file start-v5.pdb (PDB, C-alpha atoms and all ligand atoms)
ATOM      1  CA  MET V   7     -78.877 -61.649-123.601
ATOM      2  CA  ASP V   8     -76.188 -61.365-126.228
ATOM      3  CA  LEU V   9     -77.397 -59.650-129.380
ATOM      4  CA  ARG V  10     -74.242 -60.379-131.325
ATOM      5  CA  SER V  11     -74.211 -63.172-133.864
ATOM      6  CA  PRO V  12     -72.091 -66.251-133.133
ATOM      7  CA  LEU V  13     -69.694 -65.156-135.862
ATOM      8  CA  ALA V  14     -69.258 -61.718-134.320
ATOM      9  CA  THR V  15     -68.269 -63.227-130.977
ATOM     10  CA  VAL V  16     -65.355 -65.166-132.460
ATOM     11  CA  ARG V  17     -64.090 -62.476-134.846
ATOM     12  CA  GLY V  18     -60.770 -61.078-133.743
ATOM     13  CA  LEU V  19     -59.842 -64.101-131.647
ATOM     14  CA  GLY V  20     -57.354 -65.299-134.266
ATOM     15  CA  SER V  21     -57.211 -66.914-137.639
ATOM     16  CA  ALA V  22     -58.709 -70.336-138.124
ATOM     17  CA  LYS V  23     -56.027 -71.139-140.665
ATOM     18  CA  THR V  24     -52.835 -70.888-138.640
ATOM     19  CA  GLY V  25     -53.924 -72.615-135.444
ATOM     20  CA  THR V  26     -51.627 -75.609-135.872
ATOM     21  CA  THR V  27     -48.523 -73.685-136.922
ATOM     22  CA  HIS V  28     -47.124 -73.228-133.434
ATOM     23  CA  TRP V  29     -47.587 -76.889-132.556
ATOM     24  CA  TRP V  30     -46.216 -78.003-135.907
ATOM     25  CA  MET V  31     -43.086 -75.844-135.688
ATOM     26  CA  GLN V  32     -42.415 -77.267-132.220
ATOM     27  CA  ARG V  33     -42.323 -80.731-133.847
ATOM     28  CA  VAL V  34     -40.217 -79.633-136.835
ATOM     29  CA  SER V  35     -37.670 -77.965-134.554
ATOM     30  CA  ALA V  36     -37.682 -81.037-132.275
ATOM     31  CA  VAL V  37     -36.798 -83.350-135.149
ATOM     32  CA  ALA V  38     -33.977 -81.053-136.247
ATOM     33  CA  LEU V  39     -32.678 -80.857-132.685
ATOM     34  CA  VAL V  40     -32.098 -84.605-132.354
ATOM     35  CA  PRO V  41     -28.938 -84.740-134.537
ATOM     36  CA  LEU V  42     -27.958 -81.146-133.730
ATOM     37  CA  THR V  43     -27.987 -81.859-130.007
ATOM     38  CA  LEU V  44     -25.613 -84.794-130.365
ATOM     39  CA  TRP V  45     -23.305 -82.456-132.257
ATOM     40  CA  LEU V  46     -23.660 -79.803-129.541
ATOM     41  CA  ILE V  47     -22.287 -82.159-126.891
ATOM     42  CA  THR V  48     -18.958 -82.231-128.748
ATOM     43  CA  PHE V  49     -18.861 -78.459-128.926
ATOM     44  CA  LEU V  50     -19.616 -78.069-125.210
ATOM     45  CA  ASP V  51     -16.996 -80.637-124.272
ATOM     46  CA  MET V  52     -14.326 -78.880-126.350
ATOM     47  CA  SER V  53     -15.228 -75.447-125.025
ATOM     48  CA  LEU V  54     -14.952 -76.568-121.421
ATOM     49  CA  ASN V  55     -11.790 -78.653-121.786
ATOM     50  CA  ALA V  56      -9.797 -78.056-124.989
ATOM     51  CA  PRO V  57      -7.160 -75.330-125.572
ATOM     52  CA  PHE V  58      -8.332 -72.115-127.245
ATOM     53  CA  ALA V  59      -6.631 -72.768-130.600
ATOM     54  CA  ASP V  60      -8.073 -76.279-130.869
ATOM     55  CA  THR V  61     -11.654 -75.183-130.230
ATOM     56  CA  LEU V  62     -11.327 -72.241-132.599
ATOM     57  CA  THR V  63      -9.879 -74.337-135.429
ATOM     58  CA  TRP V  64     -12.524 -76.996-134.914
ATOM     59  CA  LEU V  65     -15.454 -74.612-134.820
ATOM     60  CA  THR V  66     -14.397 -72.543-137.827
ATOM     61  CA  THR V  67     -14.415 -75.455-140.258
ATOM     62  CA  PRO V  68     -17.349 -74.924-142.644
ATOM     63  CA  PHE V  69     -19.198 -78.019-141.438
ATOM     64  CA  ASN V  70     -19.036 -77.101-137.766
ATOM     65  CA  THR V  71     -19.893 -73.452-138.404
ATOM     66  CA  VAL V  72     -23.012 -74.514-140.276
ATOM     67  CA  CYS V  73     -23.892 -76.888-137.435
ATOM     68  CA  ILE V  74     -23.609 -74.254-134.736
ATOM     69  CA  VAL V  75     -25.558 -71.648-136.733
ATOM     70  CA  ALA V  76     -28.292 -74.222-137.351
ATOM     71  CA  TRP V  77     -28.269 -75.272-133.701
ATOM     72  CA  ILE V  78     -28.625 -71.684-132.501
ATOM     73  CA  ILE V  79     -31.518 -70.852-134.825
ATOM     74  CA  VAL V  80     -33.431 -74.056-134.124
ATOM     75  CA  ALA V  81     -32.772 -74.319-130.370
ATOM     76  CA  PHE V  82     -33.643 -70.712-129.537
ATOM     77  CA  TYR V  83     -36.759 -70.920-131.689
ATOM     78  CA  HIS V  84     -37.773 -74.223-130.057
ATOM     79  CA  ALA V  85     -37.174 -72.803-126.576
ATOM     80  CA  ALA V  86     -39.291 -69.695-127.269
ATOM     81  CA  LEU V  87     -42.114 -71.793-128.724
ATOM     82  CA  GLY V  88     -41.994 -74.140-125.736
ATOM     83  CA  LEU V  89     -41.861 -71.439-123.070
ATOM     84  CA  GLN V  90     -44.838 -69.737-124.704
ATOM     85  CA  VAL V  91     -46.939 -72.871-124.130
ATOM     86  CA  VAL V  92     -45.838 -73.083-120.499
ATOM     87  CA  ILE V  93     -46.758 -69.436-119.940
ATOM     88  CA  GLU V  94     -50.130 -69.849-121.622
ATOM     89  CA  ASP V  95     -50.872 -72.864-119.433
ATOM     90  CA  TYR V  96     -50.072 -71.273-116.079
ATOM     91  CA  ILE V  97     -50.853 -67.565-116.423
ATOM     92  CA  ALA V  98     -54.579 -66.888-116.682
ATOM     93  CA  ALA V  99     -54.637 -63.075-116.596
ATOM     94  CA  GLU V 100     -54.810 -62.020-120.226
ATOM     95  CA  GLY V 101     -52.637 -58.886-119.974
ATOM     96  CA  ILE V 102     -49.802 -60.446-118.004
ATOM     97  CA  LYS V 103     -49.908 -63.474-120.245
ATOM     98  CA  ILE V 104     -49.442 -61.455-123.431
ATOM     99  CA  ILE V 105     -46.636 -59.367-121.941
ATOM    100  CA  ALA V 106     -44.864 -62.493-120.678
ATOM    101  CA  VAL V 107     -45.098 -64.200-124.059
ATOM    102  CA  TRP V 108     -43.736 -61.135-125.828
ATOM    103  CA  ALA V 109     -40.943 -60.775-123.282
ATOM    104  CA  VAL V 110     -39.924 -64.388-123.753
ATOM    105  CA  ASN V 111     -40.017 -64.196-127.538
ATOM    106  CA  LEU V 112     -38.005 -60.978-127.658
ATOM    107  CA  SER V 113     -35.487 -62.233-125.087
ATOM    108  CA  PHE V 114     -34.788 -65.382-127.034
ATOM    109  CA  LEU V 115     -34.592 -63.458-130.281
ATOM    110  CA  PHE V 116     -31.913 -61.191-128.800
ATOM    111  CA  LEU V 117     -30.059 -64.056-127.118
ATOM    112  CA  GLY V 118     -30.037 -65.977-130.386
ATOM    113  CA  LEU V 119     -28.770 -62.944-132.294
ATOM    114  CA  ALA V 120     -26.034 -62.403-129.700
ATOM    115  CA  ALA V 121     -24.956 -66.028-130.109
ATOM    116  CA  LEU V 122     -24.947 -65.730-133.917
ATOM    117  CA  LEU V 123     -22.889 -62.555-133.735
ATOM    118  CA  ALA V 124     -20.362 -64.382-131.551
ATOM    119  CA  VAL V 125     -20.121 -67.158-134.137
ATOM    120  CA  PHE V 126     -19.393 -64.629-136.884
ATOM    121  CA  ARG V 127     -16.721 -63.052-134.697
ATOM    122  CA  THR V 128     -14.972 -66.422-134.313
ATOM    123  CA  LEU V 129     -14.604 -66.448-138.101
ATOM    124  CA  THR V 130     -12.666 -63.179-138.062
ATOM    125  CA  ILE V 131     -10.190 -63.787-135.207
ATOM    126  CA  GLY V 132      -8.671 -66.969-136.653
TER     127      GLY V 132
ATOM    128  CA  MET C  12     -64.613 -65.315-124.369
ATOM    129  CA  ASN C  13     -65.346 -64.638-120.710
ATOM    130  CA  THR C  14     -69.034 -65.424-121.001
ATOM    131  CA  PHE C  15     -68.116 -68.661-122.716
ATOM    132  CA  TRP C  16     -65.726 -69.534-119.940
ATOM    133  CA  ASN C  17     -68.138 -68.706-117.119
ATOM    134  CA  THR C  18     -71.223 -70.427-118.445
ATOM    135  CA  THR C  19     -69.625 -73.444-120.052
ATOM    136  CA  MET C  20     -66.740 -74.348-117.831
ATOM    137  CA  ALA C  21     -66.833 -73.107-114.274
ATOM    138  CA  SER C  22     -70.466 -73.442-113.282
ATOM    139  CA  ASN C  23     -70.985 -76.881-114.772
ATOM    140  CA  SER C  24     -69.767 -79.044-111.914
ATOM    141  CA  SER C  25     -70.447 -82.357-113.582
ATOM    142  CA  ARG C  26     -67.503 -81.900-115.917
ATOM    143  CA  PRO C  27     -64.474 -84.054-115.197
ATOM    144  CA  THR C  28     -61.836 -82.211-113.201
ATOM    145  CA  SER C  29     -58.074 -82.522-113.302
ATOM    146  CA  PRO C  30     -56.633 -85.077-110.882
ATOM    147  CA  HIS C  31     -56.000 -83.462-107.516
ATOM    148  CA  LEU C  32     -52.257 -83.635-107.129
ATOM    149  CA  GLN C  33     -52.249 -84.149-103.359
ATOM    150  CA  ALA C  34     -54.766 -86.971-103.454
ATOM    151  CA  TYR C  35     -53.850 -88.734-106.662
ATOM    152  CA  ARG C  36     -50.551 -90.458-107.284
ATOM    153  CA  LEU C  37     -49.380 -89.681-110.789
ATOM    154  CA  PRO C  38     -48.592 -92.685-112.975
ATOM    155  CA  LEU C  39     -45.033 -92.995-114.299
ATOM    156  CA  THR C  40     -45.998 -91.375-117.589
ATOM    157  CA  GLY C  41     -47.432 -88.399-115.674
ATOM    158  CA  ILE C  42     -44.237 -87.928-113.700
ATOM    159  CA  ILE C  43     -42.162 -88.131-116.859
ATOM    160  CA  SER C  44     -44.475 -85.682-118.587
ATOM    161  CA  ILE C  45     -44.044 -82.951-115.979
ATOM    162  CA  THR C  46     -40.313 -83.674-115.879
ATOM    163  CA  HIS C  47     -40.167 -83.101-119.626
ATOM    164  CA  ARG C  48     -41.722 -79.693-119.075
ATOM    165  CA  MET C  49     -39.359 -78.856-116.212
ATOM    166  CA  THR C  50     -36.289 -79.933-118.185
ATOM    167  CA  GLY C  51     -37.532 -77.851-121.134
ATOM    168  CA  VAL C  52     -37.691 -74.747-118.950
ATOM    169  CA  MET C  53     -34.329 -75.483-117.322
ATOM    170  CA  LEU C  54     -32.661 -76.101-120.681
ATOM    171  CA  SER C  55     -34.008 -72.767-121.882
ATOM    172  CA  GLY C  56     -32.269 -71.145-118.916
ATOM    173  CA  GLY C  57     -29.155 -73.139-119.779
ATOM    174  CA  LEU C  58     -29.046 -71.384-123.148
ATOM    175  CA  LEU C  59     -27.683 -68.364-121.243
ATOM    176  CA  PHE C  60     -24.594 -70.436-120.435
ATOM    177  CA  PHE C  61     -24.312 -71.282-124.108
ATOM    178  CA  VAL C  62     -24.355 -67.596-125.103
ATOM    179  CA  TYR C  63     -21.675 -66.946-122.493
ATOM    180  CA  ILE C  64     -19.469 -69.791-123.772
ATOM    181  CA  ILE C  65     -19.636 -68.852-127.456
ATOM    182  CA  SER C  66     -19.110 -65.157-126.635
ATOM    183  CA  ALA C  67     -16.056 -66.017-124.540
ATOM    184  CA  LEU C  68     -14.608 -67.948-127.461
ATOM    185  CA  ALA C  69     -15.290 -65.031-129.813
ATOM    186  CA  GLY C  70     -13.596 -62.674-127.343
ATOM    187  CA  GLY C  71     -10.195 -64.334-127.792
ATOM    188  CA  ALA C  72      -7.760 -66.476-125.813
ATOM    189  CA  ASP C  73      -7.998 -64.449-122.590
ATOM    190  CA  SER C  74     -11.760 -64.411-122.211
ATOM    191  CA  TYR C  75     -11.812 -68.071-123.256
ATOM    192  CA  ALA C  76      -9.369 -68.971-120.472
ATOM    193  CA  ALA C  77     -11.413 -66.963-117.955
ATOM    194  CA  MET C  78     -14.558 -68.817-119.036
ATOM    195  CA  GLN C  79     -12.857 -72.222-118.663
ATOM    196  CA  ASP C  80     -11.601 -71.169-115.269
ATOM    197  CA  LEU C  81     -15.018 -70.137-114.053
ATOM    198  CA  LEU C  82     -16.935 -73.105-115.467
ATOM    199  CA  GLY C  83     -14.268 -75.465-114.133
ATOM    200  CA  PHE C  84     -15.511 -74.699-110.624
ATOM    201  CA  TRP C  85     -17.145 -77.823-109.195
ATOM    202  CA  LEU C  86     -20.563 -76.231-108.817
ATOM    203  CA  PHE C  87     -20.668 -75.288-112.496
ATOM    204  CA  ARG C  88     -19.397 -78.760-113.413
ATOM    205  CA  LEU C  89     -22.391 -80.146-111.560
ATOM    206  CA  VAL C  90     -24.712 -77.759-113.393
ATOM    207  CA  TYR C  91     -23.101 -78.833-116.662
ATOM    208  CA  TRP C  92     -23.738 -82.538-116.076
ATOM    209  CA  GLY C  93     -27.248 -81.726-114.928
ATOM    210  CA  PHE C  94     -27.724 -79.882-118.206
ATOM    211  CA  VAL C  95     -26.427 -82.864-120.197
ATOM    212  CA  TYR C  96     -28.711 -85.293-118.408
ATOM    213  CA  ALA C  97     -31.704 -82.953-118.722
ATOM    214  CA  LEU C  98     -30.935 -82.585-122.422
ATOM    215  CA  PHE C  99     -30.829 -86.335-123.027
ATOM    216  CA  PHE C 100     -33.934 -86.952-120.973
ATOM    217  CA  HIS C 101     -35.815 -84.196-122.795
ATOM    218  CA  LEU C 102     -34.567 -85.572-126.109
ATOM    219  CA  CYS C 103     -35.674 -89.146-125.345
ATOM    220  CA  HIS C 104     -39.117 -88.098-124.179
ATOM    221  CA  GLY C 105     -39.316 -85.670-127.108
ATOM    222  CA  VAL C 106     -38.819 -88.592-129.474
ATOM    223  CA  ARG C 107     -41.685 -90.351-127.728
ATOM    224  CA  HIS C 108     -43.877 -87.298-128.265
ATOM    225  CA  LEU C 109     -43.092 -87.640-131.944
ATOM    226  CA  ILE C 110     -44.080 -91.316-131.825
ATOM    227  CA  TRP C 111     -47.291 -90.379-129.991
ATOM    228  CA  ASP C 112     -48.026 -87.863-132.746
ATOM    229  CA  THR C 113     -48.428 -90.787-135.137
ATOM    230  CA  GLY C 114     -51.379 -91.844-132.950
ATOM    231  CA  LYS C 115     -49.807 -95.052-131.679
ATOM    232  CA  THR C 116     -48.466 -96.520-128.396
ATOM    233  CA  PHE C 117     -51.110 -95.079-126.080
ATOM    234  CA  ASP C 118     -52.144 -98.319-124.365
ATOM    235  CA  ARG C 119     -51.210 -98.815-120.726
ATOM    236  CA  LYS C 120     -48.596-101.544-121.130
ATOM    237  CA  THR C 121     -46.733 -99.821-123.954
ATOM    238  CA  LEU C 122     -46.743 -96.542-122.026
ATOM    239  CA  ASP C 123     -44.957 -98.124-119.075
ATOM    240  CA  ARG C 124     -42.524-100.038-121.249
ATOM    241  CA  TYR C 125     -41.523 -96.970-123.276
ATOM    242  CA  ALA C 126     -41.181 -94.974-120.062
ATOM    243  CA  MET C 127     -38.575 -97.423-118.792
ATOM    244  CA  ILE C 128     -36.827 -97.435-122.184
ATOM    245  CA  GLU C 129     -36.497 -93.650-122.309
ATOM    246  CA  LEU C 130     -35.288 -93.424-118.714
ATOM    247  CA  GLY C 131     -32.686 -96.095-119.505
ATOM    248  CA  CYS C 132     -31.638 -94.425-122.757
ATOM    249  CA  SER C 133     -31.168 -90.993-121.208
ATOM    250  CA  LEU C 134     -29.043 -92.525-118.429
ATOM    251  CA  VAL C 135     -26.933 -94.549-120.882
ATOM    252  CA  LEU C 136     -26.410 -91.534-123.169
ATOM    253  CA  THR C 137     -25.268 -89.417-120.205
ATOM    254  CA  LEU C 138     -22.880 -92.137-119.000
ATOM    255  CA  MET C 139     -21.510 -92.555-122.525
ATOM    256  CA  THR C 140     -20.860 -88.816-122.685
ATOM    257  CA  LEU C 141     -19.158 -88.950-119.299
ATOM    258  CA  ILE C 142     -16.913 -91.813-120.428
ATOM    259  CA  PHE C 143     -16.247 -91.283-124.129
ATOM    260  CA  VAL C 144     -16.536 -87.592-124.942
TER     261      VAL C 144
HETATM  262  C1  LIG F 201     -31.508 -76.996-125.661
HETATM  263  C2  LIG F 201     -32.430 -77.678-126.229
HETATM  264  C3  LIG F 201     -33.910 -77.625-125.901
HETATM  265  C4  LIG F 201     -34.651 -76.689-125.201
HETATM  266  C5  LIG F 201     -34.150 -75.401-124.563
HETATM  267  C6  LIG F 201     -36.021 -77.154-125.185
HETATM  268  C7  LIG F 201     -37.077 -76.497-124.576
HETATM  269  C8  LIG F 201     -38.389 -76.919-124.583
HETATM  270  C9  LIG F 201     -39.485 -76.311-123.883
HETATM  271  C10 LIG F 201     -39.384 -75.095-122.973
HETATM  272  C11 LIG F 201     -40.612 -77.016-124.163
HETATM  273  C12 LIG F 201     -42.020 -76.756-123.631
HETATM  274  C13 LIG F 201     -42.363 -77.782-122.581
HETATM  275  C14 LIG F 201     -43.830 -78.025-122.434
HETATM  276  O1  LIG F 201     -44.651 -77.435-123.140
HETATM  277  O2  LIG F 201     -44.181 -78.866-121.589
HETATM  278  C15 LIG F 201     -40.249 -78.067-125.064
HETATM  279  C16 LIG F 201     -41.142 -78.974-125.617
HETATM  280  C17 LIG F 201     -40.789 -79.983-126.480
HETATM  281  N1  LIG F 201     -39.498 -80.380-126.805
HETATM  282 FE1  LIG F 201     -37.819 -79.365-126.348
HETATM  283  N2  LIG F 201     -36.098 -78.341-125.872
HETATM  284  C18 LIG F 201     -34.830 -78.659-126.318
HETATM  285  C19 LIG F 201     -34.459 -79.778-127.031
HETATM  286  C20 LIG F 201     -35.334 -80.735-127.524
HETATM  287  C21 LIG F 201     -34.932 -81.905-128.262
HETATM  288  C22 LIG F 201     -33.494 -82.302-128.591
HETATM  289  C23 LIG F 201     -36.051 -82.570-128.590
HETATM  290  C24 LIG F 201     -36.013 -83.856-129.365
HETATM  291  C25 LIG F 201     -37.006 -84.517-129.826
HETATM  292  C26 LIG F 201     -37.195 -81.822-128.068
HETATM  293  C27 LIG F 201     -38.539 -82.147-128.201
HETATM  294  C28 LIG F 201     -39.603 -81.465-127.666
HETATM  295  C29 LIG F 201     -41.003 -81.752-127.931
HETATM  296  C30 LIG F 201     -41.559 -82.861-128.820
HETATM  297  C31 LIG F 201     -41.748 -80.822-127.189
HETATM  298  C32 LIG F 201     -43.276 -80.686-127.133
HETATM  299  C33 LIG F 201     -43.811 -81.365-125.924
HETATM  300  C34 LIG F 201     -45.286 -81.166-125.736
HETATM  301  O3  LIG F 201     -46.019 -80.935-126.725
HETATM  302  O4  LIG F 201     -45.742 -81.260-124.590
HETATM  303  N3  LIG F 201     -36.709 -80.706-127.409
HETATM  304  N4  LIG F 201     -38.887 -77.998-125.304
END
call {"tool": "encode", "arguments": {"input": "start-v5.pdb", "output": "structure tokens"}}
result
Amino acid sequence: MDLRSPLATVRGLGSAKTGTTHWWMQRVSAVALVPLTLWLITFLDMSLNAPFADTLTWLTTPFNTVCIVAWIIVAFYHAALGLQVVIEDYIAAEGIKIIAVWAVNLSFLFLGLAALLAVFRTLTIG
Amino acid sequence: MNTFWNTTMASNSSRPTSPHLQAYRLPLTGIISITHRMTGVMLSGGLLFFVYIISALAGGADSYAAMQDLLGFWLFRLVYWGFVYALFFHLCHGVRHLIWDTGKTFDRKTLDRYAMIELGCSLVLTLMTLIFV
């Protein structure tokens, strides 16, 4: 028999107020990614095929720099949010699950920061 | 949490179970759904390539040329076009998720029709990229 009150058994399991945030941010980032992704295709095509000077000049225009910074922030955030759901769905063991989610979030934070740093460096070599 | 799980979920055998994947043929929407998840995971891996590309550009003309050299290899070209197709497929089905979130288009006929539309759109977008970009 459980002597704890129903309230006591749910305390500490998480806030009731922020339960939809993760899901909602996945949608917000998805909407932003629709136009940004079409832009990204141009960047990828130039990087793989165009001469160095052309790509650099193109990317360092204010419009394109803003686009790539926005793409990096939104895409890496969206990827981390999405991978977290996949992990939570397939890993049942609580400890491993938490470590995996943290590892994914930190990895994508660092990858995103590395990409942003690279963008800032392109602004100084021109 | 564990007591909840044990008493409510596992021991109550009259609850509906998930379709058994070896006995039940997934409908088109089910196949597309798991593909959306797989492309999401693969695209996340593809972000590593993106970090490499932008870092090579930031490194100057030499590292940029080395990057173009490496990614020009046919195997990486194949990976690249796989990435583009996965991206467009994920995008098209993502848009449908957003439509679903409005609470509409859940009936059987519409599901199948939209499935064909998004498969067609992702193919057309990839071909357009191949031809025009
Ligand atoms: C490089 C770009 C992208 C990456 C790395 C990425 C990654 C992911 C991942 C890993 C998931 C989780 C999959 C799952 O839970 O089944 C996901 C879900 C999702 N993605 Fe993306 N994605 C990208 C672009 C996009 C774009 C352009 C859209 C456009 C609408 C989009 C819309 C969605 C939506 C709506 C979900 C939620 C699906 C669900 O609730 O089951 N994603 N994404």
call {"tool": "resolve_selection", "arguments": {"input": "start-v5.pdb", "expression": "the PyMOL selection byres ((chain C) within 6 of (chain V))", "output": "ChimeraX atom specification"}}
result
/C:55,62,66,69,72,79
call {"tool": "closest_residue", "arguments": {"input": "start-v5.pdb", "among": "V:Thr24, V:Pro68, V:Pro12, V:Leu46", "to": "ligand LIG 201 (chain F)", "atoms": "only C-alpha atoms and all ligand atoms"}}
result
V:Leu46
call {"tool": "resolve_selection", "arguments": {"input": "start-v5.pdb", "expression": "the PyMOL selection byres (((chain C and resi 122-139) around 6) and not hetatm)", "output": "number ranges by chain"}}
result
C: 96, 99-100, 103, 119-121, 140-143
call {"tool": "resolve_selection", "arguments": {"input": "start-v5.pdb", "expression": "the PyMOL selection byres (((chain C and resi 44-52) around 9) and not hetatm)", "output": "ChimeraX atom specification"}}
result
/V:85,88-89,92 /C:39-43,53-57,94,97-98,100-102,104-105
call {"tool": "write_last_selection", "arguments": {"input": "start-v5.pdb", "atoms": "C-alpha atoms", "output": "PDB file, keeping the file's coordinate frame"}}
result
ATOM      1  CA  ALA V  85     -37.174 -72.803-126.576  1.00  0.00           C
ATOM      2  CA  GLY V  88     -41.994 -74.140-125.736  1.00  0.00           C
ATOM      3  CA  LEU V  89     -41.861 -71.439-123.070  1.00  0.00           C
ATOM      4  CA  VAL V  92     -45.838 -73.083-120.499  1.00  0.00           C
TER       5      VAL V  92
ATOM      6  CA  LEU C  39     -45.033 -92.995-114.299  1.00  0.00           C
ATOM      7  CA  THR C  40     -45.998 -91.375-117.589  1.00  0.00           C
ATOM      8  CA  GLY C  41     -47.432 -88.399-115.674  1.00  0.00           C
ATOM      9  CA  ILE C  42     -44.237 -87.928-113.700  1.00  0.00           C
ATOM     10  CA  ILE C  43     -42.162 -88.131-116.859  1.00  0.00           C
ATOM     11  CA  MET C  53     -34.329 -75.483-117.322  1.00  0.00           C
ATOM     12  CA  LEU C  54     -32.661 -76.101-120.681  1.00  0.00           C
ATOM     13  CA  SER C  55     -34.008 -72.767-121.882  1.00  0.00           C
ATOM     14  CA  GLY C  56     -32.269 -71.145-118.916  1.00  0.00           C
ATOM     15  CA  GLY C  57     -29.155 -73.139-119.779  1.00  0.00           C
ATOM     16  CA  PHE C  94     -27.724 -79.882-118.206  1.00  0.00           C
ATOM     17  CA  ALA C  97     -31.704 -82.953-118.722  1.00  0.00           C
ATOM     18  CA  LEU C  98     -30.935 -82.585-122.422  1.00  0.00           C
ATOM     19  CA  PHE C 100     -33.934 -86.952-120.973  1.00  0.00           C
ATOM     20  CA  HIS C 101     -35.815 -84.196-122.795  1.00  0.00           C
ATOM     21  CA  LEU C 102     -34.567 -85.572-126.109  1.00  0.00           C
ATOM     22  CA  HIS C 104     -39.117 -88.098-124.179  1.00  0.00           C
ATOM     23  CA  GLY C 105     -39.316 -85.670-127.108  1.00  0.00           C
TER      24      GLY C 105
END
call {"tool": "atom_distance", "arguments": {"input": "start-v5.pdb", "atom1": "atom CA of V:Ala109", "atom2": "atom CA of V:Ile97"}}
result
13.8 Å
call {"tool": "closest_residue", "arguments": {"input": "start-v5.pdb", "among": "C:Phe117, C:Phe61, C:Phe84, C:Tyr75", "to": "ligand LIG 201 (chain F)", "atoms": "only C-alpha atoms and all ligand atoms"}}
result
C:Phe61
call {"tool": "closest_residue", "arguments": {"input": "start-v5.pdb", "among": "V:Ile79, V:Ala14, V:Leu9, V:Leu87", "to": "ligand LIG 201 (chain F)", "atoms": "all atoms listed in the file"}}
result
V:Leu87
call {"tool": "axis_aligned_box", "arguments": {"input": "start-v5.pdb", "around": "ligand LIG 201 (chain F)", "padding_each_side": "6 Å", "output": "AutoDock Vina command-line options"}}
result
--center_x -38.8 --center_y -79.8 --center_z -125.7 --size_x 26.5 --size_y 21.4 --size_z 20.2
call {"tool": "atom_distance", "arguments": {"input": "start-v5.pdb", "atom1": "atom C24 of ligand LIG 201 (chain F)", "atom2": "atom CA of C:Trp92"}}
result
18.1 Å
call {"tool": "build_atoms", "arguments": {"input": "start-v5.pdb", "residues": "stretch 125-129 of chain V", "atoms": "all heavy atoms", "output": "mmCIF file, in the frame of the given file"}}
result
data_model
loop_
_atom_site.group_PDB
_atom_site.id
_atom_site.type_symbol
_atom_site.label_atom_id
_atom_site.label_comp_id
_atom_site.auth_asym_id
_atom_site.auth_seq_id
_atom_site.Cartn_x
_atom_site.Cartn_y
_atom_site.Cartn_z
ATOM 1 N N VAL V 125 -20.625 -66.183 -133.161
ATOM 2 C CA VAL V 125 -20.121 -67.158 -134.137
ATOM 3 C C VAL V 125 -19.421 -66.432 -135.283
ATOM 4 O O VAL V 125 -18.317 -66.817 -135.703
ATOM 5 C CB VAL V 125 -21.261 -68.037 -134.686
ATOM 6 C CG1 VAL V 125 -20.762 -68.915 -135.826
ATOM 7 C CG2 VAL V 125 -21.848 -68.892 -133.578
ATOM 8 N N PHE V 126 -20.029 -65.357 -135.784
ATOM 9 C CA PHE V 126 -19.393 -64.629 -136.884
ATOM 10 C C PHE V 126 -18.069 -64.022 -136.443
ATOM 11 O O PHE V 126 -17.118 -63.957 -137.217
ATOM 12 C CB PHE V 126 -20.344 -63.543 -137.423
ATOM 13 C CG PHE V 126 -21.571 -64.132 -138.049
ATOM 14 C CD1 PHE V 126 -22.832 -63.600 -137.812
ATOM 15 C CD2 PHE V 126 -21.478 -65.259 -138.870
ATOM 16 C CE1 PHE V 126 -23.965 -64.171 -138.381
ATOM 17 C CE2 PHE V 126 -22.608 -65.826 -139.437
ATOM 18 C CZ PHE V 126 -23.850 -65.288 -139.188
ATOM 19 N N ARG V 127 -17.998 -63.606 -135.186
ATOM 20 C CA ARG V 127 -16.721 -63.052 -134.697
ATOM 21 C C ARG V 127 -15.633 -64.121 -134.657
ATOM 22 O O ARG V 127 -14.471 -63.833 -134.907
ATOM 23 C CB ARG V 127 -16.907 -62.425 -133.317
ATOM 24 C CG ARG V 127 -17.547 -61.035 -133.403
ATOM 25 C CD ARG V 127 -17.989 -60.554 -132.036
ATOM 26 N NE ARG V 127 -16.890 -60.329 -131.122
ATOM 27 C CZ ARG V 127 -16.980 -60.506 -129.787
ATOM 28 N NH1 ARG V 127 -18.115 -60.923 -129.257
ATOM 29 N NH2 ARG V 127 -15.941 -60.270 -129.016
ATOM 30 N N THR V 128 -16.007 -65.377 -134.339
ATOM 31 C CA THR V 128 -14.972 -66.422 -134.313
ATOM 32 C C THR V 128 -14.370 -66.606 -135.700
ATOM 33 O O THR V 128 -13.232 -67.042 -135.834
ATOM 34 C CB THR V 128 -15.522 -67.781 -133.846
ATOM 35 O OG1 THR V 128 -16.512 -68.224 -134.781
ATOM 36 C CG2 THR V 128 -16.123 -67.714 -132.465
ATOM 37 N N LEU V 129 -15.119 -66.272 -136.744
ATOM 38 C CA LEU V 129 -14.604 -66.448 -138.101
ATOM 39 C C LEU V 129 -13.571 -65.385 -138.443
ATOM 40 O O LEU V 129 -12.765 -65.570 -139.356
ATOM 41 C CB LEU V 129 -15.754 -66.389 -139.113
ATOM 42 C CG LEU V 129 -16.804 -67.495 -138.979
ATOM 43 C CD1 LEU V 129 -17.951 -67.259 -139.942
ATOM 44 C CD2 LEU V 129 -16.175 -68.856 -139.217
#
